[in-house]
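A.B. asks: Take this structure first; my questions come after.
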Amino acid sequence: MIQFEEQKLGEQKLIDIFEQHKVEFLFKTATNQSFFCNTDHHFTVEFIHDQAAIHAADGYSRTTGKIGVGWLTSESGVTNAVTSLGTAQLDSVPLVIFIEHQRNSIDQQLDVDGLTKSMTKYNFTANSINELIPMTKAAFKIAQTGRPGIVVIDFNRQILRQTYEGDQQIHIDQLNQEFTQKEIPRHIIEQLPALIAQAKQPVIIVGGGCVISNAHHALANFLAKTQIPFVSTLMGLGAVNADHPLHLGMIGMHGTFAANRAVHQADLLICLGVRFSDRITGNIKGFSPNSLKVQIDIDPVEINKLIDVEYPIVGDVNAALTQLNHLNLKRTNSDWLKTVMSWHKKSAQFHKAKNKLIDPGAIIRLLNKYANNDAIVSTDVGQHQMWTAHHFSFQKPRSFLTSGGFGTMGYGLPAAIGGAMAKPNQQVICISGDGSFQMNLQELLTAVRYQLNIKIAIFKNGYLGMVRQWQQLFYERHYSQVQISSPDFVKLAESYGVIGLAAETIDQANEIIKKAMEVKGPVLMTFTIEDELNVFPIVPPGGNNTDALQ
Ligand SMILES: Cc1ncc(C[n+]2csc(CCOP(=O)(O)OP(=O)(O)O)c2C)c(N)n1
Ligand SMILES: [Mg+2]
């Protein structure tokens with residue numbers, strides 16, 4: 001040990017840097033034979049599958065706002081994790097990923113740059129420990145400055161055995177000017193109070209950028225001053241308490257009637273950290289056609305990308321709102337507020353669950369209740385994800401872990417594990433579908449190994465439900481490969497050492513959720529729900545948001 005310190009062996013030097021950056025966990029798989037056997041450290045956490053390890057780093061980062069650090073070795077370890085890189089990058093999650101090659105010869109090595117570059121913010125290749133160390137320092141800065149994203153550092157494991165002699169000069173591309181914080185354009189901010197005062201029908205869109213920039217206080221303050229109604233994107237949920245009196249609910253393909261109608265009729269649209277994905281806008285030409293638009297986003301690439309805006313502000317949402325709050329913000333018109341508030345805020349249901357089967361919304365509300373309205377919630381992708389977005393009452397930012405941009409099935413359990421590692425005393429709930437859960441269920445073992453406080457709720461509809469819903473509504477009910485079989489999840493849980501519970505009625509649901517929340521540690525619950533229940537509203541693909549089927 002002392003010998004390493006004196007010699008500053010590469011691996012020890014790297015650990016020093018991790019400690020300086022207060023890295024709590026290094027997310028990796030147990031199968032990776034990385035160098036750490038030689039060092040005295042306490043922060044590696046081990047998963048079964050590389051994809052899950054990096055999803056967990058992502059879940060940790062979304063929960064805390066800190067950088068998630070992942071470690072991948074061997075060629076197949078990297079290819080296994082590519083989906084997780086894409087998932088995190090598309091949702092602007094800051095991760096630093098170390099990729100350690102085992103092979104010596106270049107022609108045997110995977111082309112990591114070629115494979116990952118379209119899914120990262122920056123790629124480094126280190127040829128010596130004297131490069132790896134300054135690259136690591138730079139990576140921590142790049143991942144979190146400006147729009148957060150992924151930095152990959154690629155190197156051969158041999159360099160960890162080299163002696164570190166001091167930082168070598170490294171080159172960083174200057175095209176990445178976004179790495180530096182931008183000055184907020186004051187002249188535009190100063191025009192906004194008059195715009196806000198004159199607007200008759202203003203609406204705010206709260207996007208994921210509000211969560212990422214920790215804008216919740218500034219945003220609450222801005223809402224209190226202006227009394228402008230607001231809508232949330234999937235990624236923006238939790239930035240403001242979902243029960244806030246000005247909240248009209250989620251906007252977009254599965255948005256509420258109130259949210260979509262208000263945005264459609266708005267004459268001023270204030271867009272905060274929103275990238276206007278097609279799930280938000282519907283048909284772009286029909287999106288909020290009569291509004292003047294203000295867009296605040298840290299990434300200049302997002303401004304005027306899909307939607308033309310009259311007032312572009314490149315900058316951090318929190319910093320911009322804080323500046324704006326210092327100005328004189330007044331509004332008097334309250335007719336608009338009364339009107340939008342009279343519209344439905346909840347997602348409508350075409351039909352309630354038949355017979356005695358449980359309504360999915362009711363399960364989510366029970367989970368919320370027994371977690372005392374204070375949980376970190378992860379989801380997979382599908383109908384259960386949208387029901388969660390509508391029915392869980394998110395109170396705080398960073399309490400909703402879901403794959404927005406990539407829509408990655410298999411994200412839920414590992415992300416919940418990352419969240420539970422970050423907040424061991426917090427209730428963490430993973431809401432999953434019978435299809436999605438099967439994509440990373442091996443990590444039940446990880447939840448047991450670290451005795452994490454995760455309650456898993458699997459919605460059993462026997463279908464890849466969201467795909468079935470599309471086939472029903474938009475392909476004349478021609479069902480193709482959407483019916484699925486599942487293992488007996490309760491027995492499966494028990495075989496991993498996890499408590500397994502099942503409910504088929506609302507009374508049983510009440511009972512098992514109560515019981516599960518009383519246990520500290522992992523519990524898996526299944527809920528049998530009606531097989532052909534749909535998520536409503538839904539905007540038909542290519543339609544305007546006002547064409548939603550209710
Ligand atoms: C890895 C991956 N493959 C395919 C899809 C497309 N997809 C979106 S939702 C969905 C069905 C999910 O089924 P399930 O997990 O049972 O959720 P449900 O919709 O039934 O609630 C599929 C296949 C995806 N999002 N991710
Ligand atoms: Mg399903």
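In the structure tokens, the first chain shown is A, the next is B, and so on; residue numbers restart at 1 for each chain, and ligands run from 1 in the order shown.
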What's the 8 Å shell around segment 161-167 of chain A, counting only C-alpha atoms, without same-chain residues fewer than 5 positions away, as a VMD selection string?

C.D. replies: chain A and resid 7 to 11 13 128 to 131 133 to 134

A.B. asks: Hey, could you make a per-residue contact list for chain A against ligand 1 with 9 Å as the cut-off, showing the nearest pair of atoms and its distance in Å to one decimal, counting only C-alpha atoms and all ligand atoms, sorted by chain and number, as a tab-separated table?

C.D. replies:
```
residue	atom	partner	partner_atom_place_in_ligand_line	distance
A:Thr83	CA	ligand 1	1 (C)	8.4
A:Asp380	CA	ligand 1	15 (O)	6.5
A:Val381	CA	ligand 1	9 (S)	5.0
A:Gly382	CA	ligand 1	19 (O)	3.4
A:Gln383	CA	ligand 1	21 (O)	3.7
A:His384	CA	ligand 1	21 (O)	4.0
A:Gln385	CA	ligand 1	21 (O)	6.7
A:Met386	CA	ligand 1	21 (O)	8.3
A:Trp387	CA	ligand 1	21 (O)	8.5
A:Ser403	CA	ligand 1	25 (N)	9.0
A:Phe406	CA	ligand 1	25 (N)	7.4
A:Gly407	CA	ligand 1	25 (N)	4.6
A:Thr408	CA	ligand 1	26 (N)	4.4
A:Met409	CA	ligand 1	26 (N)	4.2
A:Gly410	CA	ligand 1	1 (C)	6.8
A:Tyr411	CA	ligand 1	1 (C)	8.9
A:Ser432	CA	ligand 1	15 (O)	6.2
A:Gly433	CA	ligand 1	15 (O)	3.5
A:Asp434	CA	ligand 1	16 (O)	4.2
A:Gly435	CA	ligand 1	16 (O)	3.5
A:Ser436	CA	ligand 1	15 (O)	3.5
A:Phe437	CA	ligand 1	15 (O)	6.3
A:Gln438	CA	ligand 1	15 (O)	8.2
A:Met439	CA	ligand 1	1 (C)	7.8
A:Ile458	CA	ligand 1	16 (O)	8.6
A:Phe459	CA	ligand 1	21 (O)	6.4
A:Lys460	CA	ligand 1	16 (O)	7.0
A:Asn461	CA	ligand 1	20 (O)	5.9
A:Gly462	CA	ligand 1	16 (O)	7.0
A:Tyr463	CA	ligand 1	20 (O)	5.2
A:Leu464	CA	ligand 1	13 (O)	3.4
A:Gly465	CA	ligand 1	20 (O)	3.2
A:Met466	CA	ligand 1	19 (O)	3.9
A:Val467	CA	ligand 1	10 (C)	5.5
A:Arg468	CA	ligand 1	19 (O)	7.9
A:Gln469	CA	ligand 1	19 (O)	8.2
A:Val482	CA	ligand 1	23 (C)	7.9
A:Ile484	CA	ligand 1	16 (O)	8.0
A:Asp531	CA	ligand 1	20 (O)	8.5
```

A.B. asks: Run DSSP on the backbone of this structure and report the residues of segment 282-476 of chain A it assigns to strand (DSSP E or B), as a VMD selection string.

C.D. replies: chain A and resid 292 to 297 311 to 314 358 375 to 379 400 to 401 427 to 433 454 to 460 463

A.B. asks: Do you know which residues are at most 8 Å from Val309 of chain A counting only C-alpha atoms, after dropping those on the same chain fewer than 4 positions away, and could you put them as a ChimeraX atom specification?

C.D. replies: /A:292-295,303-304

A.B. asks: Take the residues that were just selected and, keeping N, CA and C atoms, output them as a PDB file, in the first residue's frame.

C.D. replies:
```
ATOM      1  N   LEU A 292     -46.653  33.843 -29.367  1.00  0.00           N
ATOM      2  CA  LEU A 292     -45.266  34.303 -29.364  1.00  0.00           C
ATOM      3  C   LEU A 292     -44.543  33.346 -28.437  1.00  0.00           C
ATOM      4  N   LYS A 293     -43.324  32.993 -28.817  1.00  0.00           N
ATOM      5  CA  LYS A 293     -42.652  31.984 -27.993  1.00  0.00           C
ATOM      6  C   LYS A 293     -41.334  32.495 -27.422  1.00  0.00           C
ATOM      7  N   VAL A 294     -41.162  32.194 -26.132  1.00  0.00           N
ATOM      8  CA  VAL A 294     -39.892  32.451 -25.456  1.00  0.00           C
ATOM      9  C   VAL A 294     -39.304  31.073 -25.189  1.00  0.00           C
ATOM     10  N   GLN A 295     -38.038  30.883 -25.522  1.00  0.00           N
ATOM     11  CA  GLN A 295     -37.417  29.584 -25.210  1.00  0.00           C
ATOM     12  C   GLN A 295     -36.134  29.831 -24.434  1.00  0.00           C
ATOM     13  N   ILE A 303     -32.318  25.709 -29.778  1.00  0.00           N
ATOM     14  CA  ILE A 303     -33.104  26.914 -30.061  1.00  0.00           C
ATOM     15  C   ILE A 303     -33.414  26.988 -31.551  1.00  0.00           C
ATOM     16  N   ASN A 304     -34.671  27.162 -31.858  1.00  0.00           N
ATOM     17  CA  ASN A 304     -35.131  27.204 -33.256  1.00  0.00           C
ATOM     18  C   ASN A 304     -34.849  25.915 -34.015  1.00  0.00           C
TER      19      ASN A 304
END
```

A.B. asks: May I have the residues within 6 Å of segment 226-234 of chain A as JSON, numbers by chain, using only C-alpha atoms and disregarding those fewer than 5 positions away in the same chain?

C.D. replies: {"A": [203, 204, 205, 206, 207, 246, 247, 248, 249, 250, 251, 259, 330, 331]}

A.B. asks: Please produce, as a tab-separated table, a per-residue contact table for segment 192-226 of chain A versus segment 56-67 of chain A (criterion: any atom at most 12 Å away, only C-alpha atoms considered), showing the nearest atom pair and its distance in Å to one decimal, sorted by chain then residue number.

C.D. replies:
```
residue	atom	partner	partner_atom	distance
A:Gly208	CA	A:Arg62	CA	10.8
A:Val211	CA	A:Gly65	CA	9.0
A:Ile212	CA	A:Gly65	CA	7.2
A:Ser213	CA	A:Gly65	CA	9.0
A:Asn214	CA	A:Gly65	CA	8.4
```

A.B. asks: Considering only C-alpha atoms, state which residue in the set A:Ala126, A:Leu327, A:Leu441, A:Cys430 is at the smallest distance from His49 of chain A.

C.D. replies: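 Nearest candidate to His49 of chain A out of A:Ala126, A:Leu327, A:Leu441, A:Cys430: A:Leu441.
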
A.B. asks: List every residue of segment 28-123 of chain A that DSSP, applied to the backbone of this structure, assigns to alpha helix (DSSP H), and report them as a compact mmCIF listing (two decimals) with N, CA and C atoms, in the first residue's frame.

C.D. replies:
```
# COMPACT_ATOMS: atom_id res chain seq x y z
N ASP A 50 -23.75 -5.32 -17.73
CA ASP A 50 -23.15 -3.99 -17.98
C ASP A 50 -24.22 -2.94 -18.29
N GLN A 51 -25.26 -3.33 -19.02
CA GLN A 51 -26.32 -2.36 -19.33
C GLN A 51 -26.93 -1.84 -18.02
N ALA A 52 -27.16 -2.77 -17.09
CA ALA A 52 -27.78 -2.40 -15.83
C ALA A 52 -26.86 -1.51 -15.00
N ALA A 53 -25.56 -1.82 -15.02
CA ALA A 53 -24.61 -1.01 -14.22
C ALA A 53 -24.67 0.45 -14.66
N ILE A 54 -24.73 0.68 -15.97
CA ILE A 54 -24.71 2.08 -16.43
C ILE A 54 -26.09 2.72 -16.25
N HIS A 55 -27.18 1.97 -16.39
CA HIS A 55 -28.50 2.52 -16.05
C HIS A 55 -28.53 2.93 -14.57
N ALA A 56 -27.86 2.15 -13.74
CA ALA A 56 -27.84 2.48 -12.31
C ALA A 56 -27.04 3.76 -12.06
N ALA A 57 -25.94 3.91 -12.79
CA ALA A 57 -25.16 5.16 -12.68
C ALA A 57 -26.05 6.33 -13.08
N ASP A 58 -26.85 6.12 -14.10
CA ASP A 58 -27.78 7.12 -14.60
C ASP A 58 -28.86 7.44 -13.54
N GLY A 59 -29.41 6.38 -12.93
CA GLY A 59 -30.44 6.57 -11.89
C GLY A 59 -29.86 7.31 -10.70
N TYR A 60 -28.62 6.98 -10.35
CA TYR A 60 -27.93 7.68 -9.26
C TYR A 60 -27.79 9.16 -9.59
N SER A 61 -27.39 9.43 -10.82
CA SER A 61 -27.17 10.82 -11.23
C SER A 61 -28.48 11.61 -11.27
N ARG A 62 -29.53 11.01 -11.84
CA ARG A 62 -30.81 11.74 -11.89
C ARG A 62 -31.34 12.03 -10.49
N THR A 63 -31.09 11.08 -9.56
CA THR A 63 -31.59 11.25 -8.19
C THR A 63 -30.85 12.37 -7.45
N THR A 64 -29.54 12.44 -7.68
CA THR A 64 -28.71 13.33 -6.86
C THR A 64 -28.30 14.62 -7.57
N GLU A 75 -14.51 -6.04 -24.54
CA GLU A 75 -15.25 -5.52 -25.69
C GLU A 75 -16.76 -5.74 -25.54
N SER A 76 -17.16 -6.95 -25.11
CA SER A 76 -18.60 -7.20 -25.00
C SER A 76 -19.23 -6.44 -23.85
N GLY A 77 -18.43 -6.08 -22.86
CA GLY A 77 -18.95 -5.24 -21.77
C GLY A 77 -19.38 -3.89 -22.31
N VAL A 78 -18.61 -3.37 -23.26
CA VAL A 78 -18.93 -2.06 -23.84
C VAL A 78 -20.17 -2.16 -24.72
N THR A 79 -20.21 -3.16 -25.58
CA THR A 79 -21.38 -3.28 -26.46
C THR A 79 -22.64 -3.54 -25.64
N ASN A 80 -22.51 -4.28 -24.55
CA ASN A 80 -23.67 -4.50 -23.67
C ASN A 80 -24.24 -3.18 -23.17
N ALA A 81 -23.39 -2.20 -22.97
CA ALA A 81 -23.82 -0.97 -22.28
C ALA A 81 -24.19 0.16 -23.23
N VAL A 82 -24.11 -0.08 -24.52
CA VAL A 82 -24.37 1.00 -25.48
C VAL A 82 -25.78 1.58 -25.29
N THR A 83 -26.75 0.73 -25.04
CA THR A 83 -28.13 1.22 -24.84
C THR A 83 -28.22 2.18 -23.65
N SER A 84 -27.45 1.89 -22.63
CA SER A 84 -27.50 2.77 -21.45
C SER A 84 -26.85 4.12 -21.75
N LEU A 85 -25.82 4.11 -22.58
CA LEU A 85 -25.19 5.39 -22.94
C LEU A 85 -26.20 6.25 -23.70
N GLY A 86 -26.88 5.66 -24.68
CA GLY A 86 -27.87 6.39 -25.46
C GLY A 86 -29.00 6.90 -24.57
N THR A 87 -29.43 6.07 -23.64
CA THR A 87 -30.53 6.45 -22.74
C THR A 87 -30.16 7.69 -21.93
N ALA A 88 -28.96 7.68 -21.37
CA ALA A 88 -28.53 8.80 -20.52
C ALA A 88 -28.26 10.05 -21.36
N GLN A 89 -27.62 9.88 -22.49
CA GLN A 89 -27.25 11.05 -23.31
C GLN A 89 -28.51 11.78 -23.80
N LEU A 90 -29.50 11.01 -24.23
CA LEU A 90 -30.70 11.66 -24.77
C LEU A 90 -31.47 12.43 -23.69
N VAL A 112 -14.10 2.01 -29.96
CA VAL A 112 -15.03 2.61 -28.99
C VAL A 112 -15.54 3.97 -29.48
N ASP A 113 -14.61 4.73 -30.06
CA ASP A 113 -15.01 6.04 -30.59
C ASP A 113 -16.12 5.90 -31.62
N GLY A 114 -15.88 5.01 -32.57
CA GLY A 114 -16.84 4.80 -33.65
C GLY A 114 -18.17 4.33 -33.12
N LEU A 115 -18.09 3.48 -32.11
CA LEU A 115 -19.32 2.89 -31.57
C LEU A 115 -20.13 3.88 -30.73
N THR A 116 -19.45 4.73 -29.99
CA THR A 116 -20.17 5.52 -28.98
C THR A 116 -20.33 7.00 -29.30
```

A.B. asks: Please report the interatomic distance between atom CA of Gln102 of chain A and atom CA of Ser74 of chain A in Å with one decimal.

C.D. replies: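 Straight-line distance from atom CA of Gln102 of chain A to atom CA of Ser74 of chain A works out to 5.8 Å.
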
A.B. asks: Determine, counting only C-alpha atoms, which protein, DNA and RNA residues have an atom within 7 Å of an atom of Ala239 of chain A; residues of the same chain fewer than 4 positions away are not included. Present the result as a ChimeraX atom specification.

C.D. replies: /A:210-211,216,396-397

A.B. asks: Write out, as a PDB file, in the first residue's frame, the residues just selected, with C-alpha atoms.

C.D. replies:
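Printed below is part-v4.pdb as written:
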```pdb
ATOM      1  CA  CYS A 210     -35.891  22.822 -15.108  1.00  0.00           C
ATOM      2  CA  VAL A 211     -35.000  19.673 -13.178  1.00  0.00           C
ATOM      3  CA  HIS A 216     -37.424  24.575  -8.684  1.00  0.00           C
ATOM      4  CA  LYS A 396     -40.058  17.108  -5.699  1.00  0.00           C
ATOM      5  CA  PRO A 397     -37.582  17.389  -8.525  1.00  0.00           C
TER       6      PRO A 397
END
```

A.B. asks: So the first atom is atom CA of Glu302 of chain A and the second is atom CA of Gly286 of chain A; what is the distance between them in Å, to one decimal place?

C.D. replies: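 Going from atom CA of Glu302 of chain A over to atom CA of Gly286 of chain A covers 19.3 Å.
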
A.B. asks: Can you tell me, as a list in words, what residues are no more than 8 Å from Leu444 of chain A when counting only C-alpha atoms, ignoring any on the same chain fewer than 5 positions away?

C.D. replies: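 Here the answer would be Leu413, Ala493, Tyr496 and Val498 of chain A.
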
A.B. asks: Find, counting only C-alpha atoms and all ligand atoms, the residue in A:Asn290, A:Asn544, A:Gln483, A:Gln451 that gets nearest to ligand 2.

C.D. replies: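 For ligand 2, the nearest of the candidates is A:Gln483.
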
A.B. asks: I'd like the interatomic distance between atom CA of Asn104 of chain A and atom CA of Asn156 of chain A, to a tenth of an Å.

C.D. replies: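 Atom CA of Asn104 of chain A sits 7.3 Å away from atom CA of Asn156 of chain A.
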
A.B. asks: Which residues are close to Ile17 of chain A, i.e. within 8 Å by only C-alpha atoms, leaving aside same-chain residues fewer than 2 positions away? Reply as a list in words.

C.D. replies: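 In the requested form, the answer reads Lys13, Leu14, Ile15, Glu19, Gln20, His21, Ile133, Thr136 and Lys137 of chain A.
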
A.B. asks: Would you export the selected residues with C-alpha atoms as a compact mmCIF listing (two decimals), in the first residue's frame, please?

C.D. replies:
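Once written, part_21.txt looks like this:
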```txt
# COMPACT_ATOMS: atom_id res chain seq x y z
CA LYS A 13 -3.67 8.24 -8.57
CA LEU A 14 -7.01 7.68 -10.28
CA ILE A 15 -8.59 6.80 -6.97
CA GLU A 19 -11.92 10.97 -3.87
CA GLN A 20 -11.29 14.61 -4.68
CA HIS A 21 -14.47 14.61 -6.75
CA ILE A 133 -5.38 11.79 -15.12
CA THR A 136 -10.38 12.42 -15.99
CA LYS A 137 -10.28 15.88 -14.44
```

A.B. asks: Given the choices A:Tyr479, A:Phe140, A:Phe25, A:Phe155, which gets closest to Leu110 of chain A if the distance is worked out from only C-alpha atoms?

C.D. replies: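 Of the candidates, the smallest distance to Leu110 of chain A is held by A:Phe155.
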